[in-house]
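Next up, final.txt (compact mmCIF, C-alpha atoms):
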# COMPACT_ATOMS: atom_id res chain seq x y z
CA MET A 1468 -23.47 -10.11 7.41
CA ILE A 1469 -26.22 -8.15 9.20
CA GLU A 1470 -25.08 -9.51 12.57
CA LYS A 1471 -21.50 -8.38 11.88
CA LEU A 1472 -22.71 -4.94 10.77
CA GLU A 1473 -24.78 -4.56 13.94
CA GLU A 1474 -21.67 -5.33 16.02
CA ILE A 1475 -19.74 -2.67 14.10
CA LYS A 1476 -22.53 -0.14 14.63
CA HIS A 1477 -22.51 -0.89 18.37
CA ARG A 1478 -18.71 -0.43 18.51
CA PHE A 1479 -19.02 2.83 16.54
CA GLU A 1480 -21.45 4.16 19.15
CA GLU A 1481 -19.01 3.14 21.91
CA VAL A 1482 -16.08 4.87 20.21
CA SER A 1483 -18.22 7.98 19.65
CA GLN A 1484 -18.63 8.20 23.44
CA LEU A 1485 -15.03 7.27 24.32
CA ILE A 1486 -13.47 9.83 21.98
CA VAL A 1487 -15.01 12.80 23.84
CA GLN A 1488 -13.99 11.58 27.31
CA PRO A 1489 -11.41 13.82 29.08
CA ASP A 1490 -8.95 10.95 29.65
CA ALA A 1491 -8.93 10.10 25.93
CA MET A 1492 -8.39 13.72 24.92
CA ALA A 1493 -5.55 14.04 27.44
CA ASP A 1494 -3.70 11.03 25.99
CA MET A 1495 -2.71 11.93 22.41
CA LYS A 1496 -1.80 8.36 21.48
CA LYS A 1497 -5.11 6.98 22.75
CA TYR A 1498 -7.03 9.84 21.13
CA SER A 1499 -5.27 9.26 17.79
CA GLN A 1500 -6.13 5.53 17.88
CA LEU A 1501 -9.78 6.21 18.74
CA ASN A 1502 -10.02 8.91 16.08
CA LYS A 1503 -8.68 6.53 13.43
CA GLU A 1504 -11.09 3.77 14.53
CA TYR A 1505 -13.97 6.28 14.48
CA LYS A 1506 -13.20 7.29 10.88
CA ASP A 1507 -12.83 3.67 9.73
CA LEU A 1508 -16.10 2.57 11.37
CA ASP A 1509 -17.95 5.69 10.22
CA LYS A 1510 -17.54 4.67 6.56
CA ILE A 1511 -19.07 1.23 7.25
CA VAL A 1512 -21.91 2.53 9.45
CA LYS A 1513 -22.97 5.15 6.88
CA LYS A 1514 -23.06 2.51 4.16
CA TYR A 1515 -24.98 0.16 6.48
CA GLU A 1516 -27.61 2.83 7.21
CA GLU A 1517 -28.01 3.34 3.47
CA TYR A 1518 -28.40 -0.43 3.04
CA LYS A 1519 -31.05 -0.62 5.79
CA ASP A 1520 -33.06 2.15 4.08
CA ILE A 1521 -32.99 0.17 0.83
CA LEU A 1522 -34.15 -3.01 2.62
CA SER A 1523 -36.98 -1.08 4.29
CA ASN A 1524 -38.09 0.39 0.96
CA ILE A 1525 -38.01 -3.06 -0.66
CA ASP A 1526 -40.20 -4.46 2.14
CA ASN A 1527 -42.65 -1.57 1.71
CA ALA A 1528 -42.82 -2.07 -2.06
CA LYS A 1529 -43.44 -5.81 -1.62
CA GLU A 1530 -46.19 -5.08 0.91
CA VAL A 1531 -47.90 -2.69 -1.53
CA ILE A 1532 -47.75 -5.31 -4.32
CA LYS A 1533 -49.20 -7.92 -1.97
CA THR A 1534 -52.03 -5.90 -0.38
CA GLU A 1535 -52.87 -2.92 -2.62
CA LYS A 1536 -55.94 -3.39 -4.82
CA ASP A 1537 -55.31 -0.31 -6.99
CA GLU A 1538 -53.48 -1.56 -10.11
CA GLU A 1539 -51.71 1.77 -10.67
CA PHE A 1540 -50.23 1.74 -7.15
CA ARG A 1541 -49.12 -1.85 -7.61
CA ASP A 1542 -47.40 -1.00 -10.92
CA MET A 1543 -45.56 1.90 -9.28
CA ALA A 1544 -44.43 -0.40 -6.47
CA LYS A 1545 -43.19 -2.97 -9.02
CA MET A 1546 -41.20 -0.26 -10.84
CA GLU A 1547 -39.70 0.89 -7.54
CA LEU A 1548 -38.79 -2.71 -6.67
CA ASP A 1549 -37.04 -3.13 -10.04
CA GLU A 1550 -34.93 -0.05 -9.26
CA LEU A 1551 -34.20 -0.99 -5.64
CA GLN A 1552 -33.03 -4.57 -6.25
CA PRO A 1553 -29.84 -3.64 -8.20
CA GLN A 1554 -29.08 -0.93 -5.62
CA LYS A 1555 -29.37 -3.54 -2.83
CA GLU A 1556 -26.97 -5.90 -4.64
CA GLU A 1557 -24.49 -3.09 -5.28
CA LEU A 1558 -24.53 -2.02 -1.63
CA GLU A 1559 -24.05 -5.62 -0.50
CA GLU A 1560 -20.89 -5.85 -2.61
CA GLU A 1561 -19.61 -2.54 -1.21
CA LEU A 1562 -20.28 -3.70 2.36
CA LYS A 1563 -18.51 -7.02 1.73
CA GLN A 1564 -15.46 -5.06 0.54
CA LEU A 1565 -15.60 -2.79 3.62
CA LEU A 1566 -15.82 -5.82 5.94
CA ILE A 1567 -12.62 -7.36 4.58
CA PRO A 1568 -10.01 -7.03 7.39
CA LYS A 1569 -7.73 -4.11 6.59
CA ASP A 1570 -3.97 -4.35 6.81
CA PRO A 1571 -3.11 -2.17 9.85
CA ASN A 1572 0.06 -1.03 8.07
CA ASP A 1573 -1.76 0.40 5.03
CA ASP A 1574 -2.01 3.92 6.49
CA LYS A 1575 1.69 4.08 7.32
CA ASP A 1576 4.38 5.86 5.32
CA ALA A 1577 6.52 3.54 3.19
CA ILE A 1578 10.23 2.87 2.79
CA LEU A 1579 10.88 2.34 -0.95
CA GLU A 1580 14.15 0.59 -1.80
CA ILE A 1581 15.27 -0.09 -5.39
CA ARG A 1582 18.43 -2.08 -6.14
CA ALA A 1583 20.05 -3.09 -9.41
CA GLY A 1584 20.01 -6.87 -9.91
CA THR A 1585 21.40 -9.04 -12.69
CA GLY A 1586 22.50 -7.21 -15.83
CA GLY A 1587 25.41 -4.99 -14.82
CA ASP A 1588 25.24 -1.36 -15.99
CA GLU A 1589 21.90 -1.96 -17.72
CA ALA A 1590 20.36 -3.16 -14.43
CA ALA A 1591 21.45 0.08 -12.73
CA ILE A 1592 19.98 2.15 -15.59
CA PHE A 1593 16.70 0.20 -15.26
CA ALA A 1594 16.70 0.78 -11.48
CA GLY A 1595 16.90 4.50 -12.30
CA ASP A 1596 13.97 4.14 -14.73
CA LEU A 1597 11.91 2.42 -12.03
CA PHE A 1598 12.73 5.15 -9.52
CA ARG A 1599 11.55 7.83 -11.97
CA MET A 1600 8.39 5.77 -12.62
CA TYR A 1601 7.57 5.74 -8.89
CA GLN A 1602 8.58 9.38 -8.54
CA ARG A 1603 6.11 10.40 -11.27
CA PHE A 1604 3.40 8.13 -9.81
CA CYS A 1605 3.82 9.72 -6.36
CA GLU A 1606 3.57 13.21 -7.86
CA LYS A 1607 0.28 12.28 -9.55
CA LYS A 1608 -1.10 10.68 -6.35
CA GLY A 1609 -0.09 13.60 -4.13
CA LEU A 1610 2.41 11.47 -2.20
CA ASN A 1611 5.71 12.96 -1.03
CA LEU A 1612 8.88 11.04 -1.99
CA THR A 1613 12.14 11.90 -0.21
CA VAL A 1614 15.45 10.27 -1.16
CA LEU A 1615 17.48 9.14 1.86
CA GLU A 1616 20.48 7.43 0.29
CA LEU A 1617 21.67 6.54 -3.21
CA THR A 1618 24.60 4.93 -4.98
CA GLU A 1619 24.86 5.84 -8.64
CA GLY A 1620 25.63 3.35 -11.41
CA THR A 1621 28.81 3.79 -13.46
CA SER A 1622 26.80 4.35 -16.67
CA GLY A 1623 23.77 6.08 -15.14
CA GLY A 1624 20.88 5.03 -12.98
CA TYR A 1625 21.40 3.65 -9.49
CA LYS A 1626 23.00 0.60 -7.93
CA GLU A 1627 20.77 1.37 -4.94
CA ILE A 1628 18.34 4.14 -3.99
CA VAL A 1629 16.34 4.34 -0.75
CA SER A 1630 13.42 6.74 -0.23
CA ILE A 1631 10.57 7.47 2.17
CA VAL A 1632 7.10 7.88 0.63
CA SER A 1633 4.71 9.76 2.89
CA GLY A 1634 1.05 10.65 2.52
CA GLU A 1635 -2.40 9.10 2.79
CA ASN A 1636 -2.32 5.29 2.51
CA ALA A 1637 1.29 5.38 1.22
CA PHE A 1638 2.21 1.80 2.17
CA GLY A 1639 -1.22 0.45 1.23
CA THR A 1640 -0.84 1.97 -2.23
CA LEU A 1641 2.67 0.68 -2.97
CA LYS A 1642 2.92 -2.56 -0.97
CA PHE A 1643 2.34 -4.89 -3.95
CA GLU A 1644 5.33 -3.42 -5.81
CA SER A 1645 7.80 -5.52 -3.78
CA GLY A 1646 9.65 -8.12 -5.83
CA VAL A 1647 11.86 -8.54 -8.91
CA HIS A 1648 11.08 -6.27 -11.87
CA ARG A 1649 12.54 -7.53 -15.15
CA VAL A 1650 13.28 -5.51 -18.30
CA GLN A 1651 13.74 -6.81 -21.85
CA ARG A 1652 15.27 -4.26 -24.23
CA VAL A 1653 18.36 -3.34 -26.26
CA PRO A 1654 20.80 -1.75 -23.77
CA GLN A 1655 22.47 1.57 -24.58
CA THR A 1656 25.82 -0.25 -24.44
CA GLU A 1657 24.74 -2.97 -26.94
CA THR A 1658 26.41 -2.43 -30.34
CA GLN A 1659 24.69 -5.25 -32.28
CA GLY A 1660 21.10 -4.42 -31.38
CA ARG A 1661 20.43 -7.55 -29.34
CA VAL A 1662 17.68 -7.61 -26.71
CA HIS A 1663 19.01 -8.26 -23.18
CA THR A 1664 17.18 -9.19 -20.00
CA SER A 1665 18.10 -7.33 -16.80
CA ALA A 1666 16.46 -6.98 -13.42
CA ALA A 1667 16.04 -4.70 -10.42
CA THR A 1668 14.65 -5.49 -6.99
CA VAL A 1669 12.00 -3.34 -5.32
CA ALA A 1670 11.24 -3.55 -1.61
CA VAL A 1671 8.36 -1.61 -0.01
CA LEU A 1672 8.33 -1.65 3.80
CA PRO A 1673 5.93 0.05 6.24
CA GLU A 1674 7.59 2.73 8.34
CA MET A 1675 7.49 1.45 11.92
CA ASP A 1676 7.62 3.58 15.06
CA GLU A 1677 9.60 2.88 18.23
CA VAL A 1678 6.59 1.34 20.02
CA GLU A 1679 6.08 -1.27 17.28
CA VAL A 1680 9.76 -2.15 16.79
CA GLU A 1681 11.95 -1.63 19.81
CA ILE A 1682 15.68 -1.33 19.16
CA ASP A 1683 18.30 -1.62 21.87
CA MET A 1684 20.64 1.27 20.98
CA ASN A 1685 23.50 -0.66 22.63
CA ASP A 1686 23.23 -2.98 19.60
CA VAL A 1687 23.62 -0.10 17.14
CA ARG A 1688 26.95 1.40 16.04
CA LYS A 1689 26.66 4.98 14.81
CA ASP A 1690 29.23 6.42 12.39
CA THR A 1691 29.22 9.93 10.96
CA PHE A 1692 30.82 11.14 7.74
CA CYS A 1693 30.73 14.07 5.33
CA SER A 1694 27.88 14.09 2.84
CA SER A 1695 28.95 13.58 -0.75
CA GLY A 1696 27.27 14.23 -4.06
CA PRO A 1697 27.49 12.65 -7.51
CA GLY A 1698 31.01 11.55 -8.37
CA GLY A 1699 32.03 11.64 -4.72
CA GLN A 1700 32.60 15.40 -4.48
CA SER A 1701 32.11 16.84 -1.02
CA VAL A 1702 28.79 18.61 -0.49
CA ASN A 1703 29.57 19.87 2.98
CA THR A 1704 32.49 19.73 5.36
CA THR A 1705 30.51 18.83 8.49
CA TYR A 1706 29.96 15.26 9.61
CA SER A 1707 26.19 15.40 9.05
CA ALA A 1708 25.75 12.06 7.22
CA VAL A 1709 24.93 9.08 9.44
CA ARG A 1710 25.57 5.36 9.08
CA LEU A 1711 23.88 2.95 11.51
CA THR A 1712 25.00 -0.68 11.86
CA HIS A 1713 22.71 -3.08 13.72
CA MET A 1714 25.17 -5.64 15.09
CA PRO A 1715 22.77 -8.57 15.76
CA THR A 1716 21.45 -8.60 12.16
CA GLY A 1717 24.28 -6.93 10.25
CA ILE A 1718 21.84 -4.38 8.74
CA VAL A 1719 23.58 -1.17 7.63
CA VAL A 1720 21.59 2.01 6.94
CA SER A 1721 22.95 5.37 5.76
CA CYS A 1722 21.26 8.74 5.41
CA GLN A 1723 22.76 12.00 4.19
CA ASP A 1724 19.89 13.95 2.59
CA GLN A 1725 19.58 16.41 5.50
CA LYS A 1726 22.15 19.03 6.60
CA SER A 1727 21.42 18.15 10.22
CA GLN A 1728 23.09 15.07 11.71
CA ILE A 1729 20.14 14.67 14.13
CA LYS A 1730 17.61 14.58 11.26
CA ASN A 1731 19.73 12.12 9.28
CA PHE A 1732 19.99 9.94 12.40
CA GLU A 1733 16.18 9.99 12.87
CA LYS A 1734 15.55 9.04 9.24
CA ALA A 1735 18.17 6.29 9.26
CA LEU A 1736 16.59 4.89 12.44
CA LYS A 1737 13.19 4.75 10.69
CA VAL A 1738 14.66 2.70 7.86
CA LEU A 1739 16.46 0.43 10.34
CA ARG A 1740 13.21 -0.24 12.23
CA SER A 1741 11.43 -1.13 8.99
CA ARG A 1742 14.17 -3.54 7.90
CA ILE A 1743 14.18 -5.26 11.30
CA TYR A 1744 10.38 -5.52 11.05
CA GLU A 1745 10.77 -7.17 7.63
CA ILE A 1746 13.12 -9.80 9.11
CA GLU A 1747 10.69 -10.53 11.97
CA LEU A 1748 7.76 -10.71 9.52
CA THR A 1749 9.67 -13.19 7.34
CA LYS A 1750 10.36 -15.35 10.40
CA HIS A 1751 6.67 -15.22 11.32
CA ASN A 1752 5.57 -16.16 7.78
CA ASP A 1753 8.00 -19.08 7.76
CA ALA A 1754 6.70 -20.24 11.15
CA VAL A 1755 3.13 -20.32 9.85
CA GLY A 1756 4.21 -21.67 6.48
CA ALA A 1757 1.33 -24.14 6.46
CA GLN A 1758 -0.99 -21.21 5.85
CA ARG A 1759 -1.26 -20.31 2.19
CA LYS A 1760 0.38 -17.00 1.35
CA SER A 1761 -1.61 -14.46 -0.60
CA MET A 1762 -1.11 -14.63 -4.34
CA VAL A 1763 -0.37 -10.90 -4.54
CA GLY A 1764 0.60 -9.99 -1.00
CA SER A 1765 3.61 -12.06 0.02
CA GLY A 1766 5.94 -9.10 -0.63
CA ASP A 1767 8.87 -11.47 -1.11
CA ARG A 1768 11.60 -9.46 -2.81
CA SER A 1769 12.88 -12.63 -4.56
CA ASP A 1770 9.59 -13.18 -6.44
CA LYS A 1771 9.59 -12.17 -10.11
CA ILE A 1772 6.50 -10.00 -10.33
CA ARG A 1773 6.61 -7.86 -13.48
CA THR A 1774 8.24 -7.75 -16.93
CA TYR A 1775 8.75 -4.58 -19.00
CA ASN A 1776 9.17 -5.64 -22.65
CA TYR A 1777 10.34 -2.67 -24.73
CA PRO A 1778 10.26 -4.26 -28.24
CA GLN A 1779 6.56 -5.11 -27.78
CA SER A 1780 5.76 -2.06 -25.57
CA ARG A 1781 4.22 -4.54 -23.15
CA VAL A 1782 4.15 -4.60 -19.34
CA THR A 1783 3.00 -7.84 -17.70
CA ASP A 1784 2.27 -8.52 -14.04
CA HIS A 1785 2.83 -12.25 -13.59
CA ARG A 1786 0.91 -12.59 -10.31
CA ILE A 1787 -2.44 -11.77 -11.90
CA ASN A 1788 -1.54 -12.47 -15.54
CA TYR A 1789 -2.42 -8.88 -16.48
CA SER A 1790 -0.76 -6.98 -19.35
CA GLN A 1791 -0.85 -3.51 -20.85
CA HIS A 1792 0.63 -2.43 -24.19
CA ASN A 1793 1.46 1.15 -23.21
CA LEU A 1794 4.99 0.85 -21.80
CA PRO A 1795 5.98 4.55 -22.28
CA SER A 1796 2.96 5.66 -20.22
CA VAL A 1797 3.71 3.09 -17.51
CA MET A 1798 7.33 4.27 -17.26
CA ASP A 1799 5.95 7.81 -16.92
CA GLY A 1800 4.16 6.77 -13.74
CA GLU A 1801 0.86 5.45 -15.10
CA ILE A 1802 0.78 2.33 -12.88
CA GLU A 1803 -2.60 3.04 -11.24
CA GLU A 1804 -4.35 0.28 -13.22
CA PHE A 1805 -1.82 -2.36 -12.13
CA ILE A 1806 -2.21 -1.31 -8.49
CA GLU A 1807 -6.02 -1.40 -8.73
CA GLN A 1808 -6.01 -4.86 -10.35
CA LEU A 1809 -3.69 -6.20 -7.62
CA HIS A 1810 -5.93 -4.81 -4.86
CA LEU A 1811 -9.00 -6.31 -6.55
CA ALA A 1812 -7.26 -9.68 -6.78
CA GLU A 1813 -6.34 -9.56 -3.10
CA SER A 1814 -9.90 -8.56 -2.10
CA ALA A 1815 -11.38 -11.38 -4.18
CA GLU A 1816 -8.97 -13.81 -2.52
CA LYS A 1817 -9.87 -12.64 0.99
CA MET A 1818 -13.60 -12.76 0.23
CA LYS A 1819 -13.21 -16.32 -1.07
CA GLU A 1820 -11.35 -17.35 2.09
CA GLY A 1821 -13.99 -15.73 4.29
CA ALA A 1822 -16.90 -17.30 2.42

Let's see the structure in the file written out as structure tokens.
Amino acid sequence: MIEKLEEIKHRFEEVSQLIVQPDAMADMKKYSQLNKEYKDLDKIVKKYEEYKDILSNIDNAKEVIKTEKDEEFRDMAKMELDELQPQKEELEEELKQLLIPKDPNDDKDAILEIRAGTGGDEAAIFAGDLFRMYQRFCEKKGLNLTVLELTEGTSGGYKEIVSIVSGENAFGTLKFESGVHRVQRVPQTETQGRVHTSAATVAVLPEMDEVEVEIDMNDVRKDTFCSSGPGGQSVNTTYSAVRLTHMPTGIVVSCQDQKSQIKNFEKALKVLRSRIYEIELTKHNDAVGAQRKSMVGSGDRSDKIRTYNYPQSRVTDHRINYSQHNLPSVMDGEIEEFIEQLHLAESAEKMKEGA
């Protein structure tokens, strides 16, 4: 580990020099990349310096115990050693976590898509409940959630709702939410009080820029239409809403949340890039199928990941076999604990693989 940390320190010193060079400051893209690398490495280097100080103090205490004839000095050194050893172990764990390769997409904004699955009207209502859960969670985390497109259910909720979540580590925070979310409860439309099972699908995609996912605009058909609100009533009479169809893949993306057609086009293009990226990522994962997929990080939207059981007020994440019996709080956006447990499980998995 020390050898790896020394390499990181050396790279940090290199980046510190590169970032102040005139050519780097003149190229905003290059400067932004170097600045991000500097910040990422700075966290590790500071922790490493702290670790080296602890090691030095441990060596000094051991030397005192070995050579000092004064019993009082030796006792003080033993006490210091007893305090330093747990600190050393704690720092080693922190450094191991920091050395785990980071997903380069974690810092990106996220496209959050929620669709009603099996269960008819109840599935659409549940999709609406999930959207409000994420909306509340984003408010508490200081993330900005903007709705791009929605189709309402006939009895409430949404058949489909697409949003962009922006802010620090947006994709990294929400990426493990992708998959099938299942609800067990008595639907509002049920007259005999029977518990039904319904489902909604959540997809969380990193927002990709034009450099990372290149789209030939000759392959994209652009249609414009008037924005409409709930019930189909016209919101404006200008053709500001945009629908993009990517002919090679058949992907269709609409956006009508902005009054400007240009802004709706830009947002729809972001979603289109992310969906094309998802297709390419799936192809890549299939091609390297011999490699074991992460228990929590496959992001496959067909995987059943979580059950919300209303009669027992229980929420269970099936990937890590973790449950909470506080369903009302969870539906009010208190999903931080689930997200933390999933990240811990992924870190433990990566550390095991790297051991």

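Take the candidates A:Leu1615, A:Asn1793, A:Glu1747, A:Asn1636 and check each one against Lys1726 (chain A) using all atoms listed in the file; the shortest distance goes to A:Leu1615.
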
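When all atoms listed in the file are used to compute distances to Lys1569 (chain A), the closest of the residues A:Lys1819, A:Lys1514, A:His1810, A:Lys1529 turns out to be A:His1810.
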
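By only C-alpha atoms, and with residues fewer than 2 positions from Phe1479 (chain A) along its chain excluded, the set lying at most 8 Å from it is Ile1475, Lys1476, His1477, Glu1481, Val1482, Ser1483, Tyr1505, Leu1508, Asp1509 and Val1512 of chain A.
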
Inset, instruction - Please provide the set of residues having any atom within 12 Å of Pro1553 (chain A), restricted to only C-alpha atoms, with same-chain residues fewer than 6 positions apart removed, written as number ranges by chain. - result: A: 1518, 1521-1522, 1525, 1547, 1559-1560

Inset, instruction - Could you jot down the CA of Leu1551 (chain A) to CA of Glu1516 (chain A) separation for me, Å, one decimal place? - result: 14.9 Å

Would you fill out region 1475-1485 of chain A with all heavy atoms and return it as a PDB file, in the coordinates of the input?
ATOM      1  N   ILE A1475     -20.553  -3.832  14.481  1.00  0.00           N
ATOM      2  CA  ILE A1475     -19.740  -2.670  14.100  1.00  0.00           C
ATOM      3  C   ILE A1475     -20.445  -1.374  14.485  1.00  0.00           C
ATOM      4  O   ILE A1475     -19.824  -0.440  15.011  1.00  0.00           O
ATOM      5  CB  ILE A1475     -19.434  -2.712  12.587  1.00  0.00           C
ATOM      6  CG1 ILE A1475     -18.413  -3.824  12.297  1.00  0.00           C
ATOM      7  CG2 ILE A1475     -18.907  -1.359  12.088  1.00  0.00           C
ATOM      8  CD1 ILE A1475     -18.202  -4.125  10.843  1.00  0.00           C
ATOM      9  N   LYS A1476     -21.755  -1.334  14.267  1.00  0.00           N
ATOM     10  CA  LYS A1476     -22.530  -0.140  14.630  1.00  0.00           C
ATOM     11  C   LYS A1476     -22.467   0.094  16.144  1.00  0.00           C
ATOM     12  O   LYS A1476     -22.311   1.238  16.598  1.00  0.00           O
ATOM     13  CB  LYS A1476     -23.984  -0.300  14.174  1.00  0.00           C
ATOM     14  CG  LYS A1476     -24.818   0.954  14.396  1.00  0.00           C
ATOM     15  CD  LYS A1476     -26.265   0.746  13.995  1.00  0.00           C
ATOM     16  CE  LYS A1476     -27.082   1.992  14.324  1.00  0.00           C
ATOM     17  NZ  LYS A1476     -28.502   1.810  14.067  1.00  0.00           N
ATOM     18  N   HIS A1477     -22.574  -0.994  16.911  1.00  0.00           N
ATOM     19  CA  HIS A1477     -22.510  -0.890  18.370  1.00  0.00           C
ATOM     20  C   HIS A1477     -21.134  -0.370  18.811  1.00  0.00           C
ATOM     21  O   HIS A1477     -21.036   0.502  19.677  1.00  0.00           O
ATOM     22  CB  HIS A1477     -22.782  -2.263  18.993  1.00  0.00           C
ATOM     23  CG  HIS A1477     -22.710  -2.272  20.488  1.00  0.00           C
ATOM     24  ND1 HIS A1477     -23.605  -1.579  21.291  1.00  0.00           N
ATOM     25  CD2 HIS A1477     -21.826  -2.877  21.353  1.00  0.00           C
ATOM     26  CE1 HIS A1477     -23.275  -1.749  22.558  1.00  0.00           C
ATOM     27  NE2 HIS A1477     -22.205  -2.524  22.637  1.00  0.00           N
ATOM     28  N   ARG A1478     -20.066  -0.886  18.190  1.00  0.00           N
ATOM     29  CA  ARG A1478     -18.710  -0.430  18.510  1.00  0.00           C
ATOM     30  C   ARG A1478     -18.534   1.033  18.119  1.00  0.00           C
ATOM     31  O   ARG A1478     -17.892   1.802  18.849  1.00  0.00           O
ATOM     32  CB  ARG A1478     -17.680  -1.315  17.798  1.00  0.00           C
ATOM     33  CG  ARG A1478     -16.233  -0.881  17.978  1.00  0.00           C
ATOM     34  CD  ARG A1478     -15.820  -0.829  19.431  1.00  0.00           C
ATOM     35  NE  ARG A1478     -14.465  -0.291  19.589  1.00  0.00           N
ATOM     36  CZ  ARG A1478     -13.945   0.097  20.741  1.00  0.00           C
ATOM     37  NH1 ARG A1478     -14.653   0.019  21.869  1.00  0.00           N
ATOM     38  NH2 ARG A1478     -12.721   0.568  20.797  1.00  0.00           N
ATOM     39  N   PHE A1479     -19.101   1.432  16.989  1.00  0.00           N
ATOM     40  CA  PHE A1479     -19.020   2.830  16.540  1.00  0.00           C
ATOM     41  C   PHE A1479     -19.647   3.763  17.570  1.00  0.00           C
ATOM     42  O   PHE A1479     -19.095   4.828  17.878  1.00  0.00           O
ATOM     43  CB  PHE A1479     -19.725   2.970  15.190  1.00  0.00           C
ATOM     44  CG  PHE A1479     -19.802   4.385  14.682  1.00  0.00           C
ATOM     45  CD1 PHE A1479     -18.665   5.029  14.218  1.00  0.00           C
ATOM     46  CD2 PHE A1479     -21.004   5.078  14.673  1.00  0.00           C
ATOM     47  CE1 PHE A1479     -18.719   6.333  13.751  1.00  0.00           C
ATOM     48  CE2 PHE A1479     -21.073   6.384  14.203  1.00  0.00           C
ATOM     49  CZ  PHE A1479     -19.930   7.015  13.742  1.00  0.00           C
ATOM     50  N   GLU A1480     -20.788   3.349  18.133  1.00  0.00           N
ATOM     51  CA  GLU A1480     -21.450   4.160  19.150  1.00  0.00           C
ATOM     52  C   GLU A1480     -20.596   4.261  20.416  1.00  0.00           C
ATOM     53  O   GLU A1480     -20.531   5.312  21.059  1.00  0.00           O
ATOM     54  CB  GLU A1480     -22.832   3.572  19.465  1.00  0.00           C
ATOM     55  CG  GLU A1480     -23.821   3.772  18.320  1.00  0.00           C
ATOM     56  CD  GLU A1480     -25.061   2.897  18.435  1.00  0.00           C
ATOM     57  OE1 GLU A1480     -25.100   2.036  19.360  1.00  0.00           O
ATOM     58  OE2 GLU A1480     -25.974   3.054  17.602  1.00  0.00           O
ATOM     59  N   GLU A1481     -19.921   3.139  20.755  1.00  0.00           N
ATOM     60  CA  GLU A1481     -19.010   3.140  21.910  1.00  0.00           C
ATOM     61  C   GLU A1481     -17.852   4.103  21.706  1.00  0.00           C
ATOM     62  O   GLU A1481     -17.528   4.921  22.580  1.00  0.00           O
ATOM     63  CB  GLU A1481     -18.439   1.730  22.129  1.00  0.00           C
ATOM     64  CG  GLU A1481     -19.355   0.772  22.859  1.00  0.00           C
ATOM     65  CD  GLU A1481     -18.683  -0.572  23.108  1.00  0.00           C
ATOM     66  OE1 GLU A1481     -17.619  -0.841  22.510  1.00  0.00           O
ATOM     67  OE2 GLU A1481     -19.208  -1.344  23.900  1.00  0.00           O
ATOM     68  N   VAL A1482     -17.228   4.008  20.524  1.00  0.00           N
ATOM     69  CA  VAL A1482     -16.080   4.870  20.210  1.00  0.00           C
ATOM     70  C   VAL A1482     -16.495   6.332  20.181  1.00  0.00           C
ATOM     71  O   VAL A1482     -15.755   7.218  20.624  1.00  0.00           O
ATOM     72  CB  VAL A1482     -15.439   4.442  18.867  1.00  0.00           C
ATOM     73  CG1 VAL A1482     -14.354   5.432  18.441  1.00  0.00           C
ATOM     74  CG2 VAL A1482     -14.849   3.045  18.966  1.00  0.00           C
ATOM     75  N   SER A1483     -17.706   6.603  19.693  1.00  0.00           N
ATOM     76  CA  SER A1483     -18.220   7.980  19.650  1.00  0.00           C
ATOM     77  C   SER A1483     -18.284   8.588  21.047  1.00  0.00           C
ATOM     78  O   SER A1483     -18.066   9.789  21.222  1.00  0.00           O
ATOM     79  CB  SER A1483     -19.626   8.002  19.023  1.00  0.00           C
ATOM     80  OG  SER A1483     -19.597   7.470  17.734  1.00  0.00           O
ATOM     81  N   GLN A1484     -18.606   7.735  22.047  1.00  0.00           N
ATOM     82  CA  GLN A1484     -18.630   8.200  23.440  1.00  0.00           C
ATOM     83  C   GLN A1484     -17.226   8.316  24.024  1.00  0.00           C
ATOM     84  O   GLN A1484     -16.900   9.285  24.702  1.00  0.00           O
ATOM     85  CB  GLN A1484     -19.463   7.226  24.288  1.00  0.00           C
ATOM     86  CG  GLN A1484     -20.945   7.172  23.917  1.00  0.00           C
ATOM     87  CD  GLN A1484     -21.645   8.505  24.137  1.00  0.00           C
ATOM     88  OE1 GLN A1484     -21.428   9.176  25.142  1.00  0.00           O
ATOM     89  NE2 GLN A1484     -22.447   8.920  23.161  1.00  0.00           N
ATOM     90  N   LEU A1485     -16.387   7.300  23.746  1.00  0.00           N
ATOM     91  CA  LEU A1485     -15.030   7.270  24.320  1.00  0.00           C
ATOM     92  C   LEU A1485     -14.170   8.444  23.844  1.00  0.00           C
ATOM     93  O   LEU A1485     -13.360   8.979  24.596  1.00  0.00           O
ATOM     94  CB  LEU A1485     -14.336   5.952  23.953  1.00  0.00           C
ATOM     95  CG  LEU A1485     -14.866   4.687  24.633  1.00  0.00           C
ATOM     96  CD1 LEU A1485     -14.267   3.445  23.984  1.00  0.00           C
ATOM     97  CD2 LEU A1485     -14.539   4.703  26.130  1.00  0.00           C
TER      98      LEU A1485
END
